[in-house]
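Colleague: For reference, the file work.cif (mmCIF, C-alpha atoms) is included below:
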data_final
#
loop_
_atom_site.group_PDB
_atom_site.id
_atom_site.type_symbol
_atom_site.label_atom_id
_atom_site.label_comp_id
_atom_site.auth_asym_id
_atom_site.auth_seq_id
_atom_site.Cartn_x
_atom_site.Cartn_y
_atom_site.Cartn_z
ATOM 1 C CA MET G 1 36.960 9.332 11.214
ATOM 2 C CA GLY G 2 36.295 6.485 8.756
ATOM 3 C CA ASN G 3 33.852 4.802 11.134
ATOM 4 C CA GLN G 4 31.923 8.048 11.536
ATOM 5 C CA ARG G 5 31.431 8.311 7.779
ATOM 6 C CA LEU G 6 30.322 4.686 7.596
ATOM 7 C CA TRP G 7 27.786 5.124 10.390
ATOM 8 C CA MET G 8 26.556 8.405 8.926
ATOM 9 C CA GLY G 9 26.119 6.600 5.579
ATOM 10 C CA PHE G 10 24.025 3.924 7.280
ATOM 11 C CA LEU G 11 22.007 6.637 8.983
ATOM 12 C CA ILE G 12 21.350 8.490 5.717
ATOM 13 C CA ILE G 13 20.228 5.262 4.010
ATOM 14 C CA ALA G 14 17.961 4.433 6.961
ATOM 15 C CA VAL G 15 16.420 7.923 6.926
ATOM 16 C CA GLY G 16 15.767 7.582 3.186
ATOM 17 C CA LEU G 17 14.108 4.191 3.661
ATOM 18 C CA GLY G 18 12.120 5.552 6.592
ATOM 19 C CA CYS G 19 10.856 8.467 4.507
ATOM 20 C CA TYR G 20 9.889 6.143 1.648
ATOM 21 C CA PHE G 21 7.974 3.628 3.791
ATOM 22 C CA CYS G 22 6.299 6.325 5.909
ATOM 23 C CA ALA G 23 5.224 8.269 2.805
ATOM 24 C CA LYS G 24 3.889 5.084 1.162
ATOM 25 C CA ALA G 25 1.943 4.131 4.299
ATOM 26 C CA GLY G 26 0.672 7.698 4.708
ATOM 27 C CA ILE G 27 -0.638 7.843 1.141
ATOM 28 C CA GLN G 28 -2.358 4.469 1.495
ATOM 29 C CA VAL G 29 -3.944 5.405 4.836
ATOM 30 C CA TYR G 30 -5.164 8.683 3.290
ATOM 31 C CA GLN G 31 -6.726 6.756 0.386
ATOM 32 C CA TYR G 32 -8.334 4.332 2.847
ATOM 33 C CA VAL G 33 -9.807 7.150 4.938
ATOM 34 C CA SER G 34 -10.955 9.017 1.802
ATOM 35 C CA LEU G 35 -13.196 6.135 0.721
ATOM 36 C CA ASP G 36 -15.997 7.163 3.061
ATOM 37 C CA SER G 37 -19.160 6.377 1.065
ATOM 38 C CA ARG G 38 -20.579 3.253 -0.507
ATOM 39 C CA THR G 39 -23.006 2.632 -3.340
ATOM 40 C CA PRO G 40 -24.083 -0.410 -5.402
ATOM 41 C CA ALA G 41 -21.806 -1.125 -8.353
ATOM 42 C CA LEU G 42 -22.331 -3.013 -11.586
ATOM 43 C CA VAL G 43 -19.243 -4.964 -12.654
ATOM 44 C CA SER G 44 -19.181 -5.208 -16.442
ATOM 45 C CA ARG G 45 -15.920 -7.094 -16.947
ATOM 46 C CA TRP G 46 -13.508 -9.313 -15.018
ATOM 47 C CA GLU G 47 -9.967 -9.935 -16.216
ATOM 48 C CA VAL G 48 -7.164 -12.078 -14.851
ATOM 49 C CA GLU G 49 -3.980 -10.027 -14.622
ATOM 50 C CA SER G 50 -0.471 -11.365 -14.099
ATOM 51 C CA LEU G 51 1.179 -9.694 -11.094
ATOM 52 C CA GLY G 52 4.522 -11.422 -11.466
ATOM 53 C CA LYS G 53 5.869 -14.916 -11.224
ATOM 54 C CA ASP G 54 3.137 -17.260 -9.932
ATOM 55 C CA ARG G 55 0.886 -14.373 -8.858
ATOM 56 C CA TYR G 56 -2.397 -13.436 -10.496
ATOM 57 C CA GLY G 57 -5.009 -10.876 -9.597
ATOM 58 C CA LEU G 58 -8.491 -9.857 -10.669
ATOM 59 C CA ASP G 59 -9.013 -6.617 -12.540
ATOM 60 C CA ALA G 60 -12.603 -5.363 -12.554
ATOM 61 C CA THR G 61 -14.286 -2.739 -14.714
ATOM 62 C CA TYR G 62 -17.295 -1.395 -12.876
ATOM 63 C CA SER G 63 -19.767 1.455 -12.945
ATOM 64 C CA TYR G 64 -21.649 3.225 -10.201
ATOM 65 C CA GLU G 65 -23.817 6.264 -9.760
ATOM 66 C CA VAL G 66 -23.223 9.184 -7.403
ATOM 67 C CA GLN G 67 -25.739 12.050 -7.198
ATOM 68 C CA GLY G 68 -27.095 11.235 -10.655
ATOM 69 C CA GLU G 69 -23.640 11.107 -12.245
ATOM 70 C CA HIS G 70 -22.692 7.798 -13.898
ATOM 71 C CA LEU G 71 -19.025 6.882 -13.296
ATOM 72 C CA GLU G 72 -16.936 4.006 -14.639
ATOM 73 C CA GLN G 73 -13.652 2.807 -13.139
ATOM 74 C CA THR G 74 -11.200 -0.060 -13.277
ATOM 75 C CA CYS G 75 -9.443 -1.484 -10.239
ATOM 76 C CA LEU G 76 -7.252 -4.388 -9.248
ATOM 77 C CA LEU G 77 -8.789 -6.135 -6.247
ATOM 78 C CA PRO G 78 -6.233 -6.118 -3.416
ATOM 79 C CA LYS G 79 -7.788 -8.984 -1.448
ATOM 80 C CA ARG G 80 -7.934 -11.346 -4.409
ATOM 81 C CA GLU G 81 -4.528 -12.767 -5.244
ATOM 82 C CA PHE G 82 -4.027 -16.247 -6.692
ATOM 83 C CA ARG G 83 -1.057 -18.589 -7.210
ATOM 84 C CA ASN G 84 -2.026 -19.719 -10.730
ATOM 85 C CA ARG G 85 -4.142 -18.597 -13.690
ATOM 86 C CA PHE G 86 -6.676 -21.416 -13.288
ATOM 87 C CA ALA G 87 -7.447 -20.422 -9.695
ATOM 88 C CA ALA G 88 -7.718 -16.769 -10.748
ATOM 89 C CA GLU G 89 -10.181 -17.636 -13.522
ATOM 90 C CA LYS G 90 -12.252 -19.649 -11.035
ATOM 91 C CA GLY G 91 -12.080 -16.678 -8.634
ATOM 92 C CA ALA G 92 -13.326 -14.382 -11.409
ATOM 93 C CA ILE G 93 -16.345 -16.642 -11.955
ATOM 94 C CA GLN G 94 -17.108 -16.606 -8.207
ATOM 95 C CA ALA G 95 -16.620 -12.827 -8.044
ATOM 96 C CA ALA G 96 -18.965 -12.323 -10.994
ATOM 97 C CA ALA G 97 -21.688 -14.141 -9.071
ATOM 98 C CA SER G 98 -21.323 -11.778 -6.092
ATOM 99 C CA GLN G 99 -23.027 -8.464 -5.449
ATOM 100 C CA TRP G 100 -20.528 -5.580 -5.344
ATOM 101 C CA HIS G 101 -20.483 -2.106 -3.846
ATOM 102 C CA ALA G 102 -18.163 0.708 -4.827
ATOM 103 C CA TRP G 103 -16.418 2.583 -2.066
ATOM 104 C CA TYR G 104 -15.851 6.181 -3.147
ATOM 105 C CA SER G 105 -14.758 9.526 -1.780
ATOM 106 C CA SER G 106 -17.654 11.866 -1.079
ATOM 107 C CA LYS G 107 -15.378 14.813 -1.931
ATOM 108 C CA ASN G 108 -14.081 13.263 -5.172
ATOM 109 C CA PRO G 109 -16.402 10.498 -6.477
ATOM 110 C CA ASP G 110 -13.848 9.577 -9.192
ATOM 111 C CA LEU G 111 -11.672 8.073 -6.432
ATOM 112 C CA SER G 112 -13.189 4.637 -5.853
ATOM 113 C CA SER G 113 -12.545 0.952 -5.282
ATOM 114 C CA LEU G 114 -14.565 -2.233 -4.995
ATOM 115 C CA GLU G 115 -12.721 -3.247 -1.829
ATOM 116 C CA LYS G 116 -11.747 -1.037 1.078
ATOM 117 C CA VAL G 117 -8.668 -2.591 2.667
ATOM 118 C CA PHE G 118 -6.659 -1.016 5.496
ATOM 119 C CA PRO G 119 -2.937 -0.909 4.520
ATOM 120 C CA PHE G 120 -1.780 -2.866 7.574
ATOM 121 C CA LYS G 121 1.332 -4.272 5.878
ATOM 122 C CA SER G 122 2.583 -0.833 4.769
ATOM 123 C CA CYS G 123 1.967 0.626 8.231
ATOM 124 C CA LEU G 124 3.828 -2.292 9.832
ATOM 125 C CA TYR G 125 6.796 -1.813 7.483
ATOM 126 C CA ALA G 126 6.845 1.919 8.236
ATOM 127 C CA ALA G 127 6.772 1.248 11.988
ATOM 128 C CA LEU G 128 9.581 -1.319 11.725
ATOM 129 C CA VAL G 129 11.749 1.067 9.704
ATOM 130 C CA VAL G 130 11.142 3.875 12.228
ATOM 131 C CA ILE G 131 12.117 1.527 15.092
ATOM 132 C CA ALA G 132 15.249 0.449 13.203
ATOM 133 C CA LEU G 133 16.046 4.110 12.514
ATOM 134 C CA ALA G 134 15.719 4.981 16.201
ATOM 135 C CA TYR G 135 17.994 2.055 17.078
ATOM 136 C CA LEU G 136 20.539 3.156 14.471
ATOM 137 C CA ILE G 137 20.483 6.725 15.803
ATOM 138 C CA VAL G 138 21.278 5.405 19.296
ATOM 139 C CA ILE G 139 24.155 3.304 17.915
ATOM 140 C CA VAL G 140 25.549 6.186 15.839
ATOM 141 C CA SER G 141 25.419 8.570 18.805
ATOM 142 C CA ARG G 142 27.248 6.045 21.011
ATOM 143 C CA VAL G 143 29.921 5.389 18.349
ATOM 144 C CA MET G 144 30.455 9.116 17.868
ATOM 145 C CA ARG G 145 30.661 9.653 21.621
ATOM 146 C CA GLN G 146 33.170 6.790 22.046
ATOM 147 C CA GLU G 147 35.344 8.060 19.187
ATOM 148 C CA SER G 148 35.330 11.584 20.599
ATOM 149 C CA ASP G 149 36.329 10.174 24.022
ATOM 150 C CA VAL G 150 39.221 8.258 22.423
ATOM 151 C CA ILE G 151 40.453 11.392 20.622
ATOM 152 C CA THR G 152 40.442 13.535 23.782
#
Can the structure in the file be given as structure tokens, please?
Modeller:
Amino acid sequence: MGNQRLWMGFLIIAVGLGCYFCAKAGIQVYQYVSLDSRTPALVSRWEVESLGKDRYGLDATYSYEVQGEHLEQTCLLPKREFRNRFAAEKGAIQAAASQWHAWYSSKNPDLSSLEKVFPFKSCLYAALVVIALAYLIVIVSRVMRQESDVIT
């Protein structure tokens, strides 16, 4: 009886983790698919932002025009991550010299980004958690079956 509760606890935790990672991956894939149009963008400001210990990113303020409407957004560039502030500042100078396009949703032009990146890492994590969940379900069913055989 105690083992059943333990295994059911593991199963509940695994289902919770599976739901979290699948929902996160689903939201990111939806955002990726939503960015279906592209237009030239004018980046007005680059900032180096601390992402944690020894991690820095570039935050861009940019404007773009969709169907005559002028829009301005800010985004953290997902592909541009640096190990120190100096490298990030050098990356900002290089990024400022580049030509940028804004990816935006044709249904909701306020949803935009300067880089369209497929969330491969989140999808991989979700797949690994689902595989681990399936494995745990097999183990739990075998443990339950063995314990019920012992009782009878």
Colleague: Any chance you could work out the residue set of the PyMOL selection byres ((chain G and resi 93) around 12) here, as a ChimeraX atom specification?
Modeller: /G:45-48,58,60,86-92,94-98
Colleague: Considering only C-alpha atoms, can you say which of G:Ala23, G:Val66, G:Val29, G:Val15 comes closest to Phe120 (chain G)?
Modeller: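 Among the listed residues, the smallest separation from Phe120 (chain G) belongs to G:Val29.
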Colleague: Quick one: pull the distance between CA of Gln4 (chain G) and CA of Val140 (chain G), Å, one decimal.
Modeller: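 A separation of 7.9 Å between them.
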Colleague: Can you list, as a compact mmCIF listing (two decimals) with C-alpha atoms, in the frame of the given file, the residues that the PyMOL selection byres ((chain G and resi 55) around 12) selects here?
Modeller:
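Written output follows (expr-v2.txt):
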# COMPACT_ATOMS: atom_id res chain seq x y z
CA VAL G 48 -7.16 -12.08 -14.85
CA GLU G 49 -3.98 -10.03 -14.62
CA SER G 50 -0.47 -11.36 -14.10
CA LEU G 51 1.18 -9.69 -11.09
CA GLY G 52 4.52 -11.42 -11.47
CA LYS G 53 5.87 -14.92 -11.22
CA ASP G 54 3.14 -17.26 -9.93
CA TYR G 56 -2.40 -13.44 -10.50
CA GLY G 57 -5.01 -10.88 -9.60
CA LEU G 58 -8.49 -9.86 -10.67
CA ARG G 80 -7.93 -11.35 -4.41
CA GLU G 81 -4.53 -12.77 -5.24
CA PHE G 82 -4.03 -16.25 -6.69
CA ARG G 83 -1.06 -18.59 -7.21
CA ASN G 84 -2.03 -19.72 -10.73
CA ARG G 85 -4.14 -18.60 -13.69
CA PHE G 86 -6.68 -21.42 -13.29
CA ALA G 87 -7.45 -20.42 -9.70
CA ALA G 88 -7.72 -16.77 -10.75
Colleague: Considering only C-alpha atoms, state which residue in the set G:Leu124, G:Val117, G:Val130, G:Pro109 is at the smallest distance from Val33 (chain G).
Modeller: G:Val117
Colleague: Need the axis-aligned box for region 32-47 of chain G with 5 Å each side, so what are the centre and edges in Å to one decimal, as lines of an AutoDock Vina configuration file?
Modeller:
center_x = -16.2
center_y = -0.5
center_z = -6.0
size_x = 25.7
size_y = 29.0
size_z = 31.9
Colleague: Of the residues G:Arg5, G:Leu11, G:Gln67, G:Glu72, which is the one nearest to Leu136 (chain G), using only C-alpha atoms?
Modeller: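 Under the stated criterion, the closest residue is G:Leu11.
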Colleague: Closest to Gly16 (chain G) among G:Leu114, G:Cys75, G:Val129, G:Val143, using all atoms listed in the file?
Modeller: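 Of G:Leu114, G:Cys75, G:Val129, G:Val143, the one nearest Gly16 (chain G) is G:Val129, counting all atoms listed in the file.
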Colleague: Nearest to Ala41 (chain G): which of G:Ala25, G:Ala102, G:Ala127, G:Leu111 is it, counting all atoms listed in the file?
Modeller: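 Distance minimum relative to Ala41 (chain G) lands on G:Ala102.
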Colleague: Quick one: residues within 12 Å of Ile131 (chain G), all atoms listed in the file, excluding same-chain residues fewer than 5 positions away - as JSON, numbers by chain?
Modeller: {"G": [14, 15, 17, 18, 22, 124, 125, 126, 136, 137, 138]}
